[in-house]
file model-v6.txt (compact mmCIF, C-alpha atoms)
# COMPACT_ATOMS: atom_id res chain seq x y z
CA MET A 1 39.64 92.52 104.79
CA ILE A 2 42.03 89.96 103.37
CA PRO A 3 45.80 90.53 103.62
CA ALA A 4 48.03 90.01 100.60
CA ALA A 5 49.43 86.49 100.29
CA PHE A 6 52.62 85.63 102.18
CA GLU A 7 54.72 82.65 103.12
CA TYR A 8 54.59 81.69 106.77
CA HIS A 9 57.65 80.54 108.71
CA VAL A 10 57.68 79.10 112.21
CA PRO A 11 61.22 78.95 113.59
CA THR A 12 61.76 77.18 116.91
CA SER A 13 64.96 78.97 117.95
CA ILE A 14 66.35 82.50 117.82
CA ALA A 15 69.23 81.28 115.61
CA GLU A 16 66.77 79.75 113.16
CA ALA A 17 64.68 82.94 113.14
CA THR A 18 67.61 85.29 112.46
CA ALA A 19 68.97 82.94 109.78
CA LEU A 20 65.55 83.06 108.09
CA LEU A 21 65.54 86.86 108.28
CA THR A 22 69.04 87.04 106.79
CA ARG A 23 67.97 84.79 103.92
CA LEU A 24 64.61 86.50 103.28
CA GLY A 25 65.86 90.08 103.57
CA ASP A 26 63.54 93.09 103.39
CA ASP A 27 60.60 90.97 102.28
CA ALA A 28 60.17 89.49 105.75
CA LYS A 29 58.48 90.75 108.90
CA VAL A 30 58.66 89.31 112.40
CA VAL A 31 55.31 88.65 114.09
CA SER A 32 54.97 88.21 117.84
CA GLY A 33 51.63 89.60 119.09
CA GLY A 34 50.68 90.83 115.64
CA GLN A 35 48.22 93.36 117.01
CA SER A 36 49.80 96.23 115.04
CA LEU A 37 51.18 94.27 112.09
CA ILE A 38 48.08 92.23 111.19
CA PRO A 39 45.75 95.28 111.00
CA LEU A 40 48.33 96.96 108.72
CA MET A 41 48.42 93.84 106.56
CA LYS A 42 44.62 93.73 106.37
CA LEU A 43 44.62 97.34 105.15
CA ARG A 44 47.48 96.40 102.82
CA LEU A 45 49.57 99.20 104.24
CA ALA A 46 52.05 96.38 104.88
CA THR A 47 52.49 93.58 102.35
CA PRO A 48 55.40 91.45 103.57
CA ARG A 49 56.04 88.39 101.41
CA HIS A 50 57.25 86.40 104.40
CA LEU A 51 56.12 86.29 108.01
CA VAL A 52 58.49 84.91 110.62
CA ASP A 53 56.34 83.93 113.60
CA ILE A 54 58.49 83.76 116.75
CA ASN A 55 55.69 82.44 118.98
CA ARG A 56 56.96 78.84 118.88
CA ILE A 57 60.40 79.74 120.21
CA PRO A 58 60.46 78.45 123.79
CA GLY A 59 61.65 80.41 126.81
CA LEU A 60 60.88 83.98 125.75
CA ALA A 61 57.71 84.67 127.77
CA TYR A 62 59.40 85.82 130.98
CA ILE A 63 59.25 88.85 133.28
CA ARG A 64 61.90 88.55 135.95
CA GLN A 65 64.37 90.54 137.98
CA ALA A 66 67.94 89.30 138.26
CA ASP A 67 71.24 91.02 139.11
CA GLY A 68 69.48 94.35 139.59
CA VAL A 69 67.89 94.30 136.15
CA LEU A 70 64.27 93.79 135.16
CA GLN A 71 64.21 91.51 132.12
CA ILE A 72 61.19 91.29 129.82
CA GLY A 73 61.36 88.57 127.18
CA ALA A 74 60.17 88.87 123.59
CA LEU A 75 56.99 86.90 124.18
CA ALA A 76 55.88 88.59 127.43
CA ARG A 77 52.40 89.96 126.68
CA GLU A 78 51.09 93.32 127.80
CA SER A 79 48.53 91.48 129.94
CA ASP A 80 51.40 89.60 131.64
CA LEU A 81 52.68 92.96 132.93
CA GLU A 82 49.21 93.74 134.31
CA ASP A 83 49.10 90.38 136.10
CA SER A 84 52.69 90.52 137.43
CA ASP A 85 53.21 91.20 141.16
CA LEU A 86 56.80 92.23 140.43
CA ILE A 87 55.60 94.91 137.98
CA GLY A 88 52.73 95.98 140.23
CA THR A 89 54.92 96.51 143.28
CA ARG A 90 58.30 97.58 141.87
CA TYR A 91 57.45 99.16 138.48
CA PRO A 92 54.11 100.97 138.77
CA ILE A 93 55.02 103.11 135.74
CA LEU A 94 55.00 99.93 133.62
CA ALA A 95 51.70 98.80 135.14
CA ASP A 96 50.26 102.26 134.32
CA THR A 97 51.46 101.88 130.75
CA SER A 98 50.24 98.37 130.01
CA ARG A 99 46.80 99.21 131.40
CA VAL A 100 46.23 102.00 128.86
CA ILE A 101 47.45 100.19 125.75
CA ALA A 102 44.59 99.36 123.35
CA ASP A 103 42.10 97.15 125.21
CA PRO A 104 42.27 93.96 127.33
CA LEU A 105 41.76 91.59 124.38
CA VAL A 106 44.53 93.19 122.33
CA ARG A 107 46.82 93.15 125.38
CA ASN A 108 46.37 89.38 125.68
CA LEU A 109 48.42 89.02 122.49
CA ALA A 110 50.41 92.26 122.15
CA THR A 111 54.00 92.03 123.38
CA VAL A 112 56.11 94.68 125.10
CA CYS A 113 59.14 94.02 122.87
CA GLY A 114 56.91 94.24 119.80
CA ASN A 115 55.62 97.59 121.05
CA LEU A 116 59.20 98.90 120.89
CA ALA A 117 60.24 97.13 117.68
CA HIS A 118 57.21 98.46 115.79
CA ALA A 119 58.46 102.02 116.57
CA ASP A 120 55.12 103.72 116.17
CA PRO A 121 55.57 107.14 117.82
CA ALA A 122 52.03 106.66 119.16
CA ASN A 123 53.00 103.48 121.03
CA ASP A 124 53.11 103.82 124.80
CA HIS A 125 56.00 101.71 126.03
CA PRO A 126 58.79 103.64 124.26
CA ALA A 127 58.17 106.69 126.48
CA THR A 128 58.21 104.67 129.69
CA MET A 129 61.32 102.80 128.60
CA LEU A 130 63.03 106.13 127.85
CA ALA A 131 62.06 107.41 131.29
CA LEU A 132 63.42 104.22 132.89
CA GLY A 133 66.70 104.33 130.95
CA ALA A 134 66.08 100.87 129.49
CA GLU A 135 68.00 99.05 126.78
CA VAL A 136 67.00 96.30 124.38
CA VAL A 137 68.90 93.14 123.52
CA ALA A 138 68.90 92.60 119.75
CA ALA A 139 69.74 89.13 118.46
CA GLY A 140 71.17 88.85 114.96
CA PRO A 141 73.11 86.37 112.87
CA ASN A 142 76.35 87.38 114.63
CA GLY A 143 75.01 87.16 118.16
CA GLU A 144 73.51 89.70 120.52
CA ARG A 145 74.09 93.41 121.05
CA ARG A 146 72.56 95.89 123.44
CA ILE A 147 70.93 99.13 122.25
CA PRO A 148 69.86 101.88 124.67
CA VAL A 149 66.21 102.71 123.97
CA ARG A 150 67.26 106.35 123.57
CA SER A 151 69.18 105.42 120.40
CA LEU A 152 66.68 102.90 119.06
CA PHE A 153 64.22 105.13 117.21
CA THR A 154 65.19 107.02 114.07
CA GLY A 155 61.77 107.97 112.68
CA PRO A 156 58.19 106.78 112.44
CA PHE A 157 58.24 102.95 112.30
CA THR A 158 62.02 102.92 111.84
CA THR A 159 64.73 101.82 114.25
CA THR A 160 68.45 101.16 114.34
CA LEU A 161 67.70 97.42 114.26
CA ALA A 162 69.11 95.61 111.23
CA PRO A 163 66.52 93.79 109.09
CA ASP A 164 67.76 90.46 110.44
CA GLU A 165 67.78 91.46 114.10
CA ILE A 166 65.06 90.66 116.64
CA ILE A 167 64.49 92.31 120.01
CA VAL A 168 64.70 89.33 122.35
CA GLU A 169 64.70 91.18 125.68
CA ILE A 170 64.15 94.57 127.30
CA ARG A 171 66.43 95.34 130.24
CA VAL A 172 65.46 97.95 132.83
CA PRO A 173 67.91 98.86 135.60
CA ALA A 174 66.09 98.29 138.90
CA PRO A 175 65.32 101.69 140.43
CA PRO A 176 67.04 102.40 143.77
CA ALA A 177 65.09 103.07 146.97
CA ARG A 178 63.00 106.27 146.97
CA SER A 179 62.18 105.95 143.28
CA GLY A 180 58.79 106.27 141.68
CA GLY A 181 57.27 106.63 138.26
CA ALA A 182 53.98 107.21 136.52
CA TYR A 183 52.54 107.23 133.01
CA LEU A 184 49.59 109.46 132.20
CA LYS A 185 47.78 109.36 128.88
CA LEU A 186 44.82 111.15 127.37
CA GLU A 187 42.93 109.21 124.72
CA ARG A 188 39.71 110.11 122.94
CA LYS A 189 38.09 106.74 123.55
CA VAL A 190 39.07 103.35 124.85
CA GLY A 191 41.64 101.62 122.67
CA ASP A 192 42.77 104.78 120.89
CA PHE A 193 46.33 105.94 120.59
CA ALA A 194 47.32 108.83 122.85
CA THR A 195 46.42 112.39 122.00
CA ALA A 196 49.50 112.87 124.18
CA ALA A 197 51.04 110.99 127.08
CA VAL A 198 53.89 111.55 129.52
CA ALA A 199 56.10 109.11 131.43
CA ALA A 200 58.02 110.34 134.48
CA GLN A 201 60.46 108.31 136.59
CA LEU A 202 62.22 110.00 139.54
CA THR A 203 64.74 109.00 142.17
CA LEU A 204 65.05 111.12 145.31
CA GLY A 205 68.19 111.48 147.42
CA PRO A 206 68.30 111.50 151.24
CA ASP A 207 67.94 115.31 151.19
CA GLY A 208 64.73 115.09 149.13
CA ALA A 209 66.41 116.44 146.01
CA CYS A 210 65.94 114.74 142.67
CA GLN A 211 68.94 112.48 141.96
CA ARG A 212 67.72 111.24 138.62
CA ALA A 213 64.75 112.14 136.43
CA GLY A 214 63.54 110.42 133.29
CA ILE A 215 60.79 112.01 131.18
CA GLY A 216 59.39 110.42 128.01
CA LEU A 217 56.70 111.80 125.68
CA THR A 218 54.27 109.81 123.50
CA ASN A 219 52.78 110.80 120.13
CA VAL A 220 53.99 114.39 120.07
CA GLY A 221 56.75 113.93 117.50
CA ALA A 222 58.04 111.69 114.72
CA THR A 223 59.61 109.44 117.35
CA PRO A 224 59.07 108.98 121.08
CA ILE A 225 60.77 111.97 122.71
CA GLU A 226 63.07 112.04 125.71
CA ALA A 227 62.55 115.42 127.36
CA GLY A 228 66.23 115.90 128.20
CA ARG A 229 66.00 119.56 129.20
CA ALA A 230 63.24 118.81 131.69
CA GLU A 231 65.28 115.88 133.04
CA ARG A 232 68.42 117.98 133.51
CA PHE A 233 66.43 120.80 135.06
CA LEU A 234 64.97 118.46 137.69
CA ALA A 235 68.29 116.81 138.58
CA GLY A 236 69.71 118.11 141.85
CA LYS A 237 66.62 120.19 142.72
CA ARG A 238 64.02 119.70 145.40
CA PRO A 239 60.86 119.19 143.35
CA ASP A 240 58.57 121.83 144.85
CA ASP A 241 55.60 123.27 142.98
CA ALA A 242 57.60 125.92 141.15
CA VAL A 243 60.23 123.40 140.04
CA ILE A 244 57.56 120.93 138.84
CA ARG A 245 55.81 123.68 136.87
CA GLN A 246 59.07 124.74 135.25
CA ALA A 247 60.00 121.14 134.35
CA ALA A 248 56.56 120.62 132.81
CA GLU A 249 56.99 123.82 130.75
CA LEU A 250 60.32 122.51 129.46
CA ALA A 251 58.78 119.15 128.53
CA ALA A 252 56.03 120.98 126.62
CA GLU A 253 58.67 123.04 124.78
CA GLU A 254 60.51 119.86 123.85
CA SER A 255 57.39 118.24 122.37
CA GLN A 256 56.99 118.50 118.59
CA PRO A 257 53.29 117.85 118.04
CA THR A 258 51.48 118.26 114.75
CA SER A 259 47.82 119.09 114.28
CA ASP A 260 45.57 116.19 113.35
CA LEU A 261 42.15 114.71 114.13
CA ARG A 262 43.15 114.41 117.80
CA GLY A 263 43.65 118.15 118.09
CA PRO A 264 45.73 121.16 117.12
CA ALA A 265 49.43 121.26 117.93
CA GLU A 266 48.98 124.06 120.51
CA TYR A 267 46.44 121.98 122.41
CA LYS A 268 48.71 118.94 122.42
CA ARG A 269 51.67 120.97 123.64
CA ASP A 270 49.57 122.33 126.49
CA LEU A 271 48.39 118.81 127.22
CA VAL A 272 52.04 117.72 127.59
CA ARG A 273 52.54 120.54 130.09
CA VAL A 274 49.56 119.45 132.19
CA LEU A 275 50.24 115.71 131.97
CA ALA A 276 53.95 116.20 132.74
CA ALA A 277 53.19 118.09 135.95
CA ARG A 278 50.68 115.44 137.01
CA ALA A 279 53.01 112.55 136.11
CA ILE A 280 55.88 114.13 138.08
CA ARG A 281 53.60 114.65 141.09
CA ARG A 282 52.40 111.05 141.02
CA ALA A 283 55.96 109.81 140.56
CA LEU A 284 56.95 111.82 143.65
CA GLU A 285 54.08 110.35 145.68
CA ARG A 286 55.20 106.87 144.70
CA ALA A 287 58.85 107.67 145.43
CA GLY A 288 57.68 108.60 148.92
CA GLY A 289 55.96 105.23 149.34
CA GLY A 290 52.47 106.15 148.08
CA ARG A 291 50.60 104.24 145.40
CA MET B 292 49.16 74.77 105.16
CA ARG B 293 47.74 72.19 107.51
CA VAL B 294 46.01 73.64 110.58
CA GLU B 295 44.85 71.39 113.38
CA VAL B 296 42.98 72.96 116.26
CA THR B 297 40.81 71.89 119.14
CA ILE B 298 37.62 73.93 119.39
CA ASN B 299 35.23 73.33 122.27
CA ARG B 300 37.05 70.03 122.92
CA GLU B 301 36.58 68.76 119.34
CA ARG B 302 39.45 68.30 116.90
CA TYR B 303 39.35 69.98 113.51
CA ALA B 304 41.87 69.84 110.66
CA SER B 305 41.99 71.90 107.48
CA ASP B 306 44.28 72.97 104.69
CA VAL B 307 44.37 76.76 104.55
CA GLU B 308 46.26 79.66 103.01
CA PRO B 309 48.54 81.35 105.57
CA ARG B 310 46.66 84.63 105.09
CA LEU B 311 43.35 83.12 106.25
CA LEU B 312 42.26 84.87 109.43
CA LEU B 313 41.27 82.77 112.43
CA VAL B 314 37.72 84.16 112.40
CA HIS B 315 37.29 83.01 108.79
CA LEU B 316 38.60 79.54 109.64
CA ILE B 317 36.07 79.31 112.46
CA ARG B 318 33.09 80.69 110.53
CA ASP B 319 33.60 79.89 106.87
CA VAL B 320 35.67 76.69 106.95
CA LEU B 321 34.52 75.00 110.14
CA ARG B 322 31.00 76.55 110.00
CA LEU B 323 30.91 77.61 113.64
CA THR B 324 28.98 80.79 112.91
CA GLY B 325 28.28 81.84 116.49
CA THR B 326 31.47 83.92 116.37
CA HIS B 327 30.71 87.20 114.61
CA ILE B 328 32.71 89.59 112.48
CA GLY B 329 31.93 93.15 113.48
CA CYS B 330 34.33 95.94 112.58
CA ASP B 331 37.10 93.78 111.06
CA THR B 332 39.59 96.37 112.33
CA THR B 333 40.50 95.06 115.82
CA HIS B 334 38.17 97.49 117.58
CA CYS B 335 34.80 95.96 118.37
CA GLY B 336 35.46 92.54 119.91
CA ALA B 337 32.46 90.76 118.31
CA CYS B 338 34.91 88.10 117.04
CA THR B 339 36.34 87.33 120.50
CA VAL B 340 37.25 83.69 121.12
CA LEU B 341 39.46 82.07 123.76
CA LEU B 342 42.91 81.05 122.53
CA ASP B 343 44.53 78.78 125.11
CA GLY B 344 42.09 80.25 127.64
CA ARG B 345 42.69 83.93 126.90
CA PRO B 346 40.16 86.08 125.04
CA VAL B 347 41.56 87.45 121.78
CA LYS B 348 40.15 89.13 118.69
CA SER B 349 40.04 86.36 116.10
CA CYS B 350 40.00 88.87 113.20
CA THR B 351 43.57 89.77 114.22
CA VAL B 352 45.16 86.32 114.38
CA PHE B 353 46.08 84.14 111.41
CA ALA B 354 44.53 80.68 111.44
CA VAL B 355 47.99 79.12 111.02
CA GLN B 356 49.06 80.76 114.29
CA ALA B 357 46.42 78.70 116.11
CA HIS B 358 47.86 75.39 114.89
CA GLY B 359 48.01 72.90 117.75
CA ARG B 360 46.27 75.31 120.11
CA GLU B 361 43.02 75.11 122.01
CA LEU B 362 40.11 77.37 121.17
CA MET B 363 36.76 78.00 122.76
CA THR B 364 33.91 79.73 120.97
CA VAL B 365 30.44 80.73 122.08
CA GLU B 366 29.15 77.32 121.00
CA GLY B 367 31.21 75.81 123.81
CA LEU B 368 29.46 77.63 126.65
CA GLU B 369 26.22 75.68 126.86
CA GLN B 370 26.57 72.17 128.29
CA ASP B 371 24.04 69.36 127.88
CA GLY B 372 21.24 71.79 127.10
CA ASN B 373 22.01 74.06 130.06
CA LEU B 374 23.01 77.66 129.50
CA HIS B 375 26.23 78.75 131.13
CA PRO B 376 25.64 81.30 133.94
CA VAL B 377 27.00 84.12 131.73
CA GLN B 378 24.46 83.23 129.03
CA GLU B 379 21.71 83.03 131.62
CA GLY B 380 22.81 86.40 133.01
CA PHE B 381 22.62 88.08 129.61
CA MET B 382 19.14 86.60 129.15
CA GLN B 383 17.81 87.43 132.62
CA GLU B 384 19.16 90.97 132.74
CA HIS B 385 18.49 91.70 129.09
CA GLY B 386 22.18 92.30 128.42
CA LEU B 387 21.63 92.49 124.69
CA GLN B 388 19.50 94.27 122.21
CA CYS B 389 20.38 93.39 118.64
CA GLY B 390 22.66 90.64 119.94
CA TYR B 391 25.43 91.11 117.42
CA CYS B 392 28.17 91.84 119.98
CA THR B 393 26.88 89.19 122.40
CA PRO B 394 29.09 86.22 121.43
CA GLY B 395 32.22 88.32 122.05
CA MET B 396 30.79 89.78 125.24
CA LEU B 397 30.03 86.29 126.51
CA MET B 398 33.53 84.99 125.79
CA THR B 399 35.24 87.95 127.45
CA SER B 400 32.90 87.71 130.46
CA TYR B 401 33.43 83.95 130.75
CA ALA B 402 37.23 84.35 130.83
CA PHE B 403 37.02 87.34 133.19
CA LEU B 404 34.81 85.54 135.72
CA ARG B 405 37.24 82.63 135.89
CA LYS B 406 39.74 85.05 137.44
CA ALA B 407 37.46 87.57 139.19
CA LYS B 408 35.06 85.92 141.59
CA ASP B 409 33.45 89.04 143.09
CA PRO B 410 34.24 91.90 140.72
CA THR B 411 33.26 95.53 141.26
CA GLU B 412 31.33 97.41 138.61
CA ASP B 413 34.51 99.29 137.66
CA GLU B 414 36.42 96.04 137.21
CA ILE B 415 33.63 94.66 135.01
CA ARG B 416 33.58 97.80 132.87
CA LEU B 417 37.36 97.64 132.41
CA ALA B 418 37.23 93.93 131.57
CA ILE B 419 34.72 94.46 128.75
CA SER B 420 36.26 97.71 127.48
CA GLY B 421 37.48 95.91 124.35
CA ASN B 422 33.97 94.76 123.47
CA LEU B 423 31.81 97.46 121.95
CA CYS B 424 28.01 97.41 122.05
CA ARG B 425 26.12 100.07 120.15
CA CYS B 426 22.63 99.29 121.48
CA THR B 427 22.32 98.86 125.23
CA GLY B 428 24.81 101.31 126.68
CA TYR B 429 26.40 98.62 128.89
CA VAL B 430 24.15 99.07 131.95
CA ASN B 431 22.35 95.79 131.45
CA ILE B 432 25.52 94.09 130.28
CA VAL B 433 27.18 94.97 133.59
CA LYS B 434 24.12 93.66 135.45
CA ALA B 435 24.27 90.46 133.41
CA ILE B 436 27.88 89.88 134.39
CA GLN B 437 27.08 90.62 138.04
CA HIS B 438 24.25 88.09 137.82
CA ALA B 439 26.63 85.51 136.35
CA ALA B 440 29.25 86.21 139.01
CA ALA B 441 26.70 85.65 141.76
CA ARG B 442 25.54 82.40 140.16
CA LEU B 443 29.12 81.19 139.81
CA ARG B 444 29.85 81.99 143.46
CA GLN B 445 26.85 79.82 144.38
CA GLY B 446 28.51 76.92 142.62
CA GLY B 447 27.40 77.21 139.00
CA THR B 448 29.81 76.01 136.37
call {"tool": "encode", "arguments": {"input": "model-v6.txt", "output": "C-alpha cells"}}
result
Amino acid sequence: MIPAAFEYHVPTSIAEATALLTRLGDDAKVVSGGQSLIPLMKLRLATPRHLVDINRIPGLAYIRQADGVLQIGALARESDLEDSDLIGTRYPILADTSRVIADPLVRNLATVCGNLAHADPANDHPATMLALGAEVVAAGPNGERRIPVRSLFTGPFTTTLAPDEIIVEIRVPAPPARSGGAYLKLERKVGDFATAAVAAQLTLGPDGACQRAGIGLTNVGATPIEAGRAERFLAGKRPDDAVIRQAAELAAEESQPTSDLRGPAEYKRDLVRVLAARAIRRALERAGGGR
Amino acid sequence: MRVEVTINRERYASDVEPRLLLVHLIRDVLRLTGTHIGCDTTHCGACTVLLDGRPVKSCTVFAVQAHGRELMTVEGLEQDGNLHPVQEGFMQEHGLQCGYCTPGMLMTSYAFLRKAKDPTEDEIRLAISGNLCRCTGYVNIVKAIQHAAARLRQGGT
C-alpha cells in the first residue's frame, strides 16, 4: 500500500514547526510516532499534502516529575512509560494503559501526546488522562496555552487544537498519598482497539472515604467519556461493595456505545459496568498500598 | 530526498520519494530481502527491523524518517559464518514452519534478549505479541527464545 505523495518537512524547533503549520494550513499533518497516521495514509483515508515530522526537535522525549506535576514530553514513546520506574511506582494506571496499547513494536514508536492529539475515541490514553485530571500544553505561533483534557475532544478525530498548534507536553497533577488508579480493557485479540475500557483513579481521605474520583471510558462514544455522575457519586462516600456497584451502574449509563463488529451496544454497556467495578476495586487496592 | 542510513554497520545512500516506506527502501532499493512484508497493515510484524536498537514495524515508518539513523536487519545477525544464538534457537527448536514471519520474530527476540537475560514464558509471549505466526502456534517459538536466552547467558554473543 503506497500513500499519496506529500512534501516532507523536518523542523528542528517548536517555533519552526508551528511556523510551518501556520504557513501550510489544513494541508499539513504533524507526525511523531506515526503509528496511527501512517496506516491511515497507506489506506488513503488521510492524504495530507505536507508532513511535519517533529522527531528531530531536541528535548521532547522526557518523562519527569517536577513541582508536583508529572510531565510527559511530545516525543516520549509508549514503551518509555512501560520502562519508567517513576510511572511504574507512582502512576500504575499509566503503566496499565501503555501495556495494552497495540503491541510492543508499535509502542516503540507511538507517543503518548500523539495518542491524545489523534483523538480517536478508541485510543486508550484519553480515558486515563481524564481520570487523572490531566491537561495538555499546546504550542502555537503565539506561544503556549494549557487545555484541560476534559475540554480537548470535540468529536471523533477532532480536538480544540488549532491547525497550527502542537501538543508539546501532558501535565498530570501528582496524586496525593492514598491514591490509586487502574485501567482495564477488553480487546478481541492482541493489538486491537478496546471493545470497551475503563480508567479509574481514586484518592482516599483519612476516614477511608473517597476524596476524589476520576472515571474515564474508552471506545463507548464519539469521544472519550468522563463519567461525571459516577465520579460525583463516589466523592465523599466510603467505597463499599454497594457503593462500587452503584458507581459502576452510573458509568454504564453514561456510556454511549454503538453496535459494531466488536459487539452490540447492550453488551458494551454491560462490559463498562463490569470493567468499572473491577477498575475501582483495583484502584482501591492500590490506594491502600497494594499493587 | 536524500536518505543516508547505516544498516548492519554498512552505509547506504539513496534518493527517494518521501512516501517510500522504510521496508521498501530496505527490500526494493537496497536489495536486503531478508526483511519480509506480511500484512502491510501494521499488524503482523514480519517487517520488523531495529531502528536505533528498538524493534519497529518498517511498513509503518517512512524511509526519510530513518535518515541518519542506524538500522539492523536479519542479515546483520549472523557473524563470520556463525548463526546468532536466536537463529540457532529457532533452528534447534524448530521455531518456524513456513518461515515467513521468522525474520521479524528473530529481530524482536534479539532486541528482547538484550534486555531480558532470564525471561519467563509469560514475558517471552508478551515480548513477541506484535509478531504473528500462522503456522506453529508459538510453542516452539517460545522454546527457541528460551534456548537462545540460555545460550546467551552462557556467554554467546
call {"tool": "atom_distance", "arguments": {"input": "model-v6.txt", "atom1": "CA of Arg405 in chain B", "atom2": "CA of Gly344 in chain B"}}
result
9.9 Å
call {"tool": "closest_residue", "arguments": {"input": "model-v6.txt", "among": "A:Arg44, A:Ser79, A:Glu285, A:Gly180", "to": "Met1 in chain A", "atoms": "all atoms listed in the file"}}
result
A:Arg44
call {"tool": "closest_atom_pairs", "arguments": {"input": "model-v6.txt", "of": "chain A", "to": "chain B", "cutoff": "6 Å", "atoms": "all atoms listed in the file", "output": "JSON lines"}}
result
{"residue": "A:Ala5", "atom": "CA", "partner": "B:Arg310", "partner_atom": "CA", "distance": 5.8}
{"residue": "A:Ile38", "atom": "CA", "partner": "B:Thr351", "partner_atom": "CA", "distance": 6.0}
{"residue": "A:Asp103", "atom": "CA", "partner": "B:Gly421", "partner_atom": "CA", "distance": 4.9}
{"residue": "A:Pro104", "atom": "CA", "partner": "B:Gly421", "partner_atom": "CA", "distance": 6.0}
{"residue": "A:Leu105", "atom": "CA", "partner": "B:Val347", "partner_atom": "CA", "distance": 4.9}
call {"tool": "atom_distance", "arguments": {"input": "model-v6.txt", "atom1": "CA of Tyr303 in chain B", "atom2": "CA of Leu321 in chain B"}}
result
7.7 Å
call {"tool": "closest_residue", "arguments": {"input": "model-v6.txt", "among": "B:Val430, B:Val296, B:Leu316, B:Val307", "to": "Met363 in chain B", "atoms": "only C-alpha atoms"}}
result
B:Val296
call {"tool": "residues_around", "arguments": {"input": "model-v6.txt", "residues": "Pro410 in chain B", "least_positions_apart": "2", "cutoff": "12 Å", "atoms": "only C-alpha atoms", "output": "PDB file with C-alpha atoms, in the coordinates of the input"}}
result
ATOM      1  CA  SER B 400      32.900  87.710 130.460  1.00  0.00           C
ATOM      2  CA  PHE B 403      37.020  87.340 133.190  1.00  0.00           C
ATOM      3  CA  LEU B 404      34.810  85.540 135.720  1.00  0.00           C
ATOM      4  CA  ARG B 405      37.240  82.630 135.890  1.00  0.00           C
ATOM      5  CA  LYS B 406      39.740  85.050 137.440  1.00  0.00           C
ATOM      6  CA  ALA B 407      37.460  87.570 139.190  1.00  0.00           C
ATOM      7  CA  LYS B 408      35.060  85.920 141.590  1.00  0.00           C
ATOM      8  CA  GLU B 412      31.330  97.410 138.610  1.00  0.00           C
ATOM      9  CA  ASP B 413      34.510  99.290 137.660  1.00  0.00           C
ATOM     10  CA  GLU B 414      36.420  96.040 137.210  1.00  0.00           C
ATOM     11  CA  ILE B 415      33.630  94.660 135.010  1.00  0.00           C
ATOM     12  CA  ARG B 416      33.580  97.800 132.870  1.00  0.00           C
ATOM     13  CA  LEU B 417      37.360  97.640 132.410  1.00  0.00           C
ATOM     14  CA  ALA B 418      37.230  93.930 131.570  1.00  0.00           C
ATOM     15  CA  VAL B 433      27.180  94.970 133.590  1.00  0.00           C
ATOM     16  CA  LYS B 434      24.120  93.660 135.450  1.00  0.00           C
ATOM     17  CA  ILE B 436      27.880  89.880 134.390  1.00  0.00           C
ATOM     18  CA  GLN B 437      27.080  90.620 138.040  1.00  0.00           C
ATOM     19  CA  HIS B 438      24.250  88.090 137.820  1.00  0.00           C
ATOM     20  CA  ALA B 439      26.630  85.510 136.350  1.00  0.00           C
ATOM     21  CA  ALA B 440      29.250  86.210 139.010  1.00  0.00           C
ATOM     22  CA  ALA B 441      26.700  85.650 141.760  1.00  0.00           C
ATOM     23  CA  LEU B 443      29.120  81.190 139.810  1.00  0.00           C
ATOM     24  CA  ARG B 444      29.850  81.990 143.460  1.00  0.00           C
TER      25      ARG B 444
END
call {"tool": "atom_distance", "arguments": {"input": "model-v6.txt", "atom1": "CA of Val112 in chain A", "atom2": "CA of Leu40 in chain A"}}
result
18.3 Å
